[in-house]
Amino acid sequence: MTTTAAPRRPMLRTLVVTEARLLLREPILLVWTTGLPIIAFTVLALVPGTSRPTDTLGGLSYAQVYLGIIALIALALLSTMSLPAVLGAYRERGVLRRLSVTPMRPWRLLATQIGINLTVVLSTVAVMLIVATATFDDGFPGHPLGWLVTYLLAATALLGLAALVAAVAPSAKIANAITSILFFPLMFFAGLWMPQQQMPGWLRTISEYTPLGAASQALTASIEGDFPPITALAVLAAYAAVFVGLAIRTFRWE
Amino acid sequence: MPAITARGLRKSYHGRPVVDGIDLDVEEGEIFALLGPNGAGKTTTVEMLTGVRRRDAGEISVLGLDPDRDRPRLAHVVGVQLQDSQLPDKLRVGEAIALFASFYRDPLDGDELLDRLHLTQLRRQPFAKLSGGQKQRLAVALALVGRPRVAVLDELTTGLDPKARRETWGLVSGLRESGVTVVLVTHFMEEAEYLADRLALFEAGRIVALDTPAGLIAERTAGRQEVRFRLDGDVDAAADALRALPDVRSVTTHGTTIVVTGGGDVVLAVTAHIARAGLTARDLRVRQATLDDAILIPGSDA
């Protein structure tokens with residue numbers, strides 16, 4: 001055997017770089033989860049009918065209201081399409097089994113996946129916010145810190161949920177099925193079909209205690225220029241902690 | 001001190017025993033083969049040795065570590081190639097090596113390893129585009145990159161064409177010189193005969209024979225050899241004369257072809273008789289018993 005010592009590369013950095021490269025080699029997935037939301041929002045921001053304020057939305061424009069909703073769609077799309085599918089495929093193809101006989105521990109892979117997807121989705125929203133700043137009459141739409149805190153918490157909560165699904169689902173197919181079923185109620189409460197402003201009071205209350213409902217409420221406040229309500233942020237933080245914690249506890253190589 | 005010892009190893013799936021009381025000692029630096037038909041418990045045994053599966057009963061020590069209790073430490077000193085384990089389709093050969101190297105404290109140089117396994121040209125090739133033989137070479141590289149003291153190779157050459165199989169064999173026997181202890185799972189007798197210093201023959205979850213390949217062949221076949229040739233002339237008369245020779249066990253004829261089997265000095269006896277009697281024996285061939293003969297001989301269930 002050769003005796004040359006290799007220059008030692010840090011494990012976590014190599015893992016992050018490798019997994020990031022693999023994600024970037026899935027252009028169709030990236031078009032769906034980053035390109036589509038950006039294009040959809042840009043259209044809303046440019047078309048006169050949706051970029052002007054309207055009374056039905058309390059003086060906001062459709063573009064302003066849907067900025068938050070589309071930001072959440074981007075998050076939900078990536079969470080449901082990318083993370084569980086990747087980890088499910090790793091499980092099916094024996095990649096996880098192979099990793100189980102190396103000194104790498106499972107939580108590192110999970111944390112890497114969450115981190116990479118978080119970066120992708122934050123970049124998507126950053127682009128949308130640049131478009132909004134450039135097209136809206138008042139420049140940057142709302143409270144920058146509110147945006148950052150809300151979106152970071154919402155993304156962590158949702159990616160945590162996706163990681164939890166990946167941890168408990170025995171295959172990519174089942175993981176996809178679970179996340180597709182979760183996608184619709186999550187997006188409903190976020191206000192995809194009916195903005196929270198138009199929901200009846202009781203429905204709105206339920207919505208505010210779901211992950212994307214709380215995120216939507218907090219983003220709406222941020223867009224209006226206020227720091228989001230603490231309850232909404234607390235709900236998001238609780239979801240993030242519980243989902244990520246459970247995912248890391250339950251994720252096994254086998 | 002043996003690299004691996006196992007005592008009274010047992011594992012059942014749904015009440016059906018798959019490994020049913022196995023004892024093993026693998027010496028440091030040897031190539032040890034687990035041989036037997038599919039479903040005999042070979043893979044389950046190495047899965048318990050490497051900590052992939054928990055044993056139901058028994059004791060295991062791999063380099064002084066218990067796979068069920070010391071798995072993280074064991075992972076640093078045991079390199080594994082698993083049956084049917086794939087990599088992500090778009091992961092390239094060079095990236096796979098760099099990634100796996102990063103898992104270990106003192107990895108081998110990835111470039112040298114790729115070179116040694118003739119993978120340098122394929123460095124930028126994605127996993128999905130590799131041939132079966134290339135995938136197996138990569139699997140061996142990944143099993144070795146952490147500089148393991150024990151390498152476990154499960155069904156290394158299954159699905160390979162004969163040329164790729166030969167190449168892979170060369171690679172494994174090269175490990176012997178580097179002092180790595182190799183545990184090889186195979187159902188190819190030829191492979192075990194070519195590579196193994198010692199082998200354990202598995203049948204229905206038990207070890208039914210444990211020996212060197214040569215020892216097992218000699219014991220199971222009583223040193224059986226076979227001489228075969230075509231004869232110009234009276235085949236039946238020649239056959240009768242051959243039956244009278246010492247060490248000859250059987251003589252059969254197929255048209256003009258005569259097949260003589262026997263032990264001891266049967267080859268010498270037959271060739272001397274041919275010369276003495278002035279027979280014209282054409283296409284004379286001698287065949288030693290192989291592991292195939294040893295294992296397929298009546299008395300074993302395989």
# chains A, B, ... in the order shown; residues from 1 in each chain; ligands from 1
$ closest_atom_pairs --of "chain A" --to "chain B" --cutoff "12 Å" --atoms "only C-alpha atoms" --output "Markdown table"
| residue | atom | partner | partner_atom | distance |
| --- | --- | --- | --- | --- |
| A:Met1 | CA | B:Ser178 | CA | 4.7 |
| A:Thr2 | CA | B:Leu108 | CA | 7.3 |
| A:Thr3 | CA | B:Leu108 | CA | 7.4 |
| A:Thr4 | CA | B:Asp109 | CA | 6.3 |
| A:Ala5 | CA | B:Leu108 | CA | 5.9 |
| A:Ala6 | CA | B:Asp109 | CA | 4.4 |
| A:Pro7 | CA | B:Asp109 | CA | 7.8 |
| A:Arg8 | CA | B:Ser102 | CA | 6.8 |
| A:Arg9 | CA | B:Ser102 | CA | 5.5 |
| A:Pro10 | CA | B:Ser102 | CA | 6.1 |
| A:Met11 | CA | B:Ser102 | CA | 4.7 |
| A:Leu12 | CA | B:Ser102 | CA | 8.2 |
| A:Arg13 | CA | B:Ser102 | CA | 8.9 |
| A:Thr14 | CA | B:Leu99 | CA | 5.9 |
| A:Leu15 | CA | B:Leu99 | CA | 6.3 |
| A:Val16 | CA | B:Leu99 | CA | 9.7 |
| A:Val17 | CA | B:Leu99 | CA | 9.2 |
| A:Thr18 | CA | B:Glu95 | CA | 7.0 |
| A:Glu19 | CA | B:Leu91 | CA | 9.0 |
| A:Ala20 | CA | B:Leu91 | CA | 11.0 |
| A:Arg21 | CA | B:Leu91 | CA | 8.5 |
| A:Leu22 | CA | B:Lys90 | CA | 6.5 |
| A:Leu23 | CA | B:Lys90 | CA | 9.5 |
| A:Leu24 | CA | B:Lys90 | CA | 10.3 |
| A:Arg25 | CA | B:Lys90 | CA | 7.3 |
| A:Glu26 | CA | B:Lys90 | CA | 9.1 |
| A:Val86 | CA | B:Pro88 | CA | 9.1 |
| A:Leu87 | CA | B:Pro88 | CA | 10.3 |
| A:Gly88 | CA | B:Pro88 | CA | 11.4 |
| A:Ala89 | CA | B:Pro88 | CA | 8.3 |
| A:Tyr90 | CA | B:Pro88 | CA | 7.1 |
| A:Arg91 | CA | B:Ser85 | CA | 9.8 |
| A:Glu92 | CA | B:Gln86 | CA | 9.2 |
| A:Arg93 | CA | B:Gln86 | CA | 5.5 |
| A:Gly94 | CA | B:Ser85 | CA | 4.4 |
| A:Val95 | CA | B:Leu87 | CA | 5.5 |
| A:Leu96 | CA | B:Ser85 | CA | 8.7 |
| A:Arg97 | CA | B:Ser85 | CA | 7.2 |
| A:Arg98 | CA | B:Ser85 | CA | 6.3 |
| A:Leu99 | CA | B:Phe100 | CA | 8.8 |
| A:Ser100 | CA | B:Val52 | CA | 7.2 |
| A:Val101 | CA | B:Ala75 | CA | 5.6 |
| A:Thr102 | CA | B:Ala75 | CA | 5.1 |
| A:Pro103 | CA | B:Ala75 | CA | 5.1 |
| A:Met104 | CA | B:Phe103 | CA | 5.8 |
| A:Arg105 | CA | B:Pro72 | CA | 8.4 |
| A:Pro106 | CA | B:Pro72 | CA | 11.5 |
| A:Arg108 | CA | B:Phe103 | CA | 11.2 |
| A:Leu109 | CA | B:Phe103 | CA | 11.9 |
| A:Arg252 | CA | B:Val52 | CA | 11.7 |
| A:Trp253 | CA | B:Val52 | CA | 9.4 |
| A:Glu254 | CA | B:Val52 | CA | 8.5 |
$ select_by_dssp --residues "region 26-250 of chain A" --states "helix (DSSP H, G or I)" --output "ChimeraX atom specification"
/A:27-46,48-51,55-57,62-81,83-92,95-100,106-135,144-168,172-190,196-198,201-208,211-223,230-250
$ residues_around --residues "Leu268 (chain B)" --least-positions-apart "4" --cutoff "12 Å" --atoms "only C-alpha atoms" --output "ChimeraX atom specification"
/B:225-227,245-248,260,262-264,272-276,286
$ residues_around --residues "region 207-221 of chain B" --least-positions-apart "6" --cutoff "8 Å" --atoms "only C-alpha atoms" --output "number ranges by chain"
B: 22-23, 192-193, 196-201, 289-291, 293-295, 297
$ residues_around --residues "Thr280 (chain B)" --least-positions-apart "3" --cutoff "12 Å" --atoms "only C-alpha atoms" --output "ChimeraX atom specification"
/B:229-235,238,256-257,271,273-277,283-284
$ select_by_dssp --residues "region 140-301 of chain B" --states "strand (DSSP E)" --output "PyMOL selection string"
chain B and resi 150-154+181-186+198-203+206-211+225-232+248-254+257-262+280-288
$ residues_around --residues "Ile28 (chain A)" --least-positions-apart "6" --cutoff "12 Å" --atoms "only C-alpha atoms" --output "list in words"
Thr34, Gly35, Leu36, Leu78, Met81 and Ser82 of chain A
$ write_last_selection --atoms "C-alpha atoms" --output "CSV table (one decimal), in the first residue's frame"
chain,number,residue,atom,x,y,z
A,34,THR,CA,-36.4,28.8,-8.2
A,35,GLY,CA,-37.0,29.9,-11.8
A,36,LEU,CA,-40.8,29.5,-11.8
A,78,LEU,CA,-38.3,23.1,-2.9
A,81,MET,CA,-39.6,18.2,-4.3
A,82,SER,CA,-35.9,18.2,-3.4
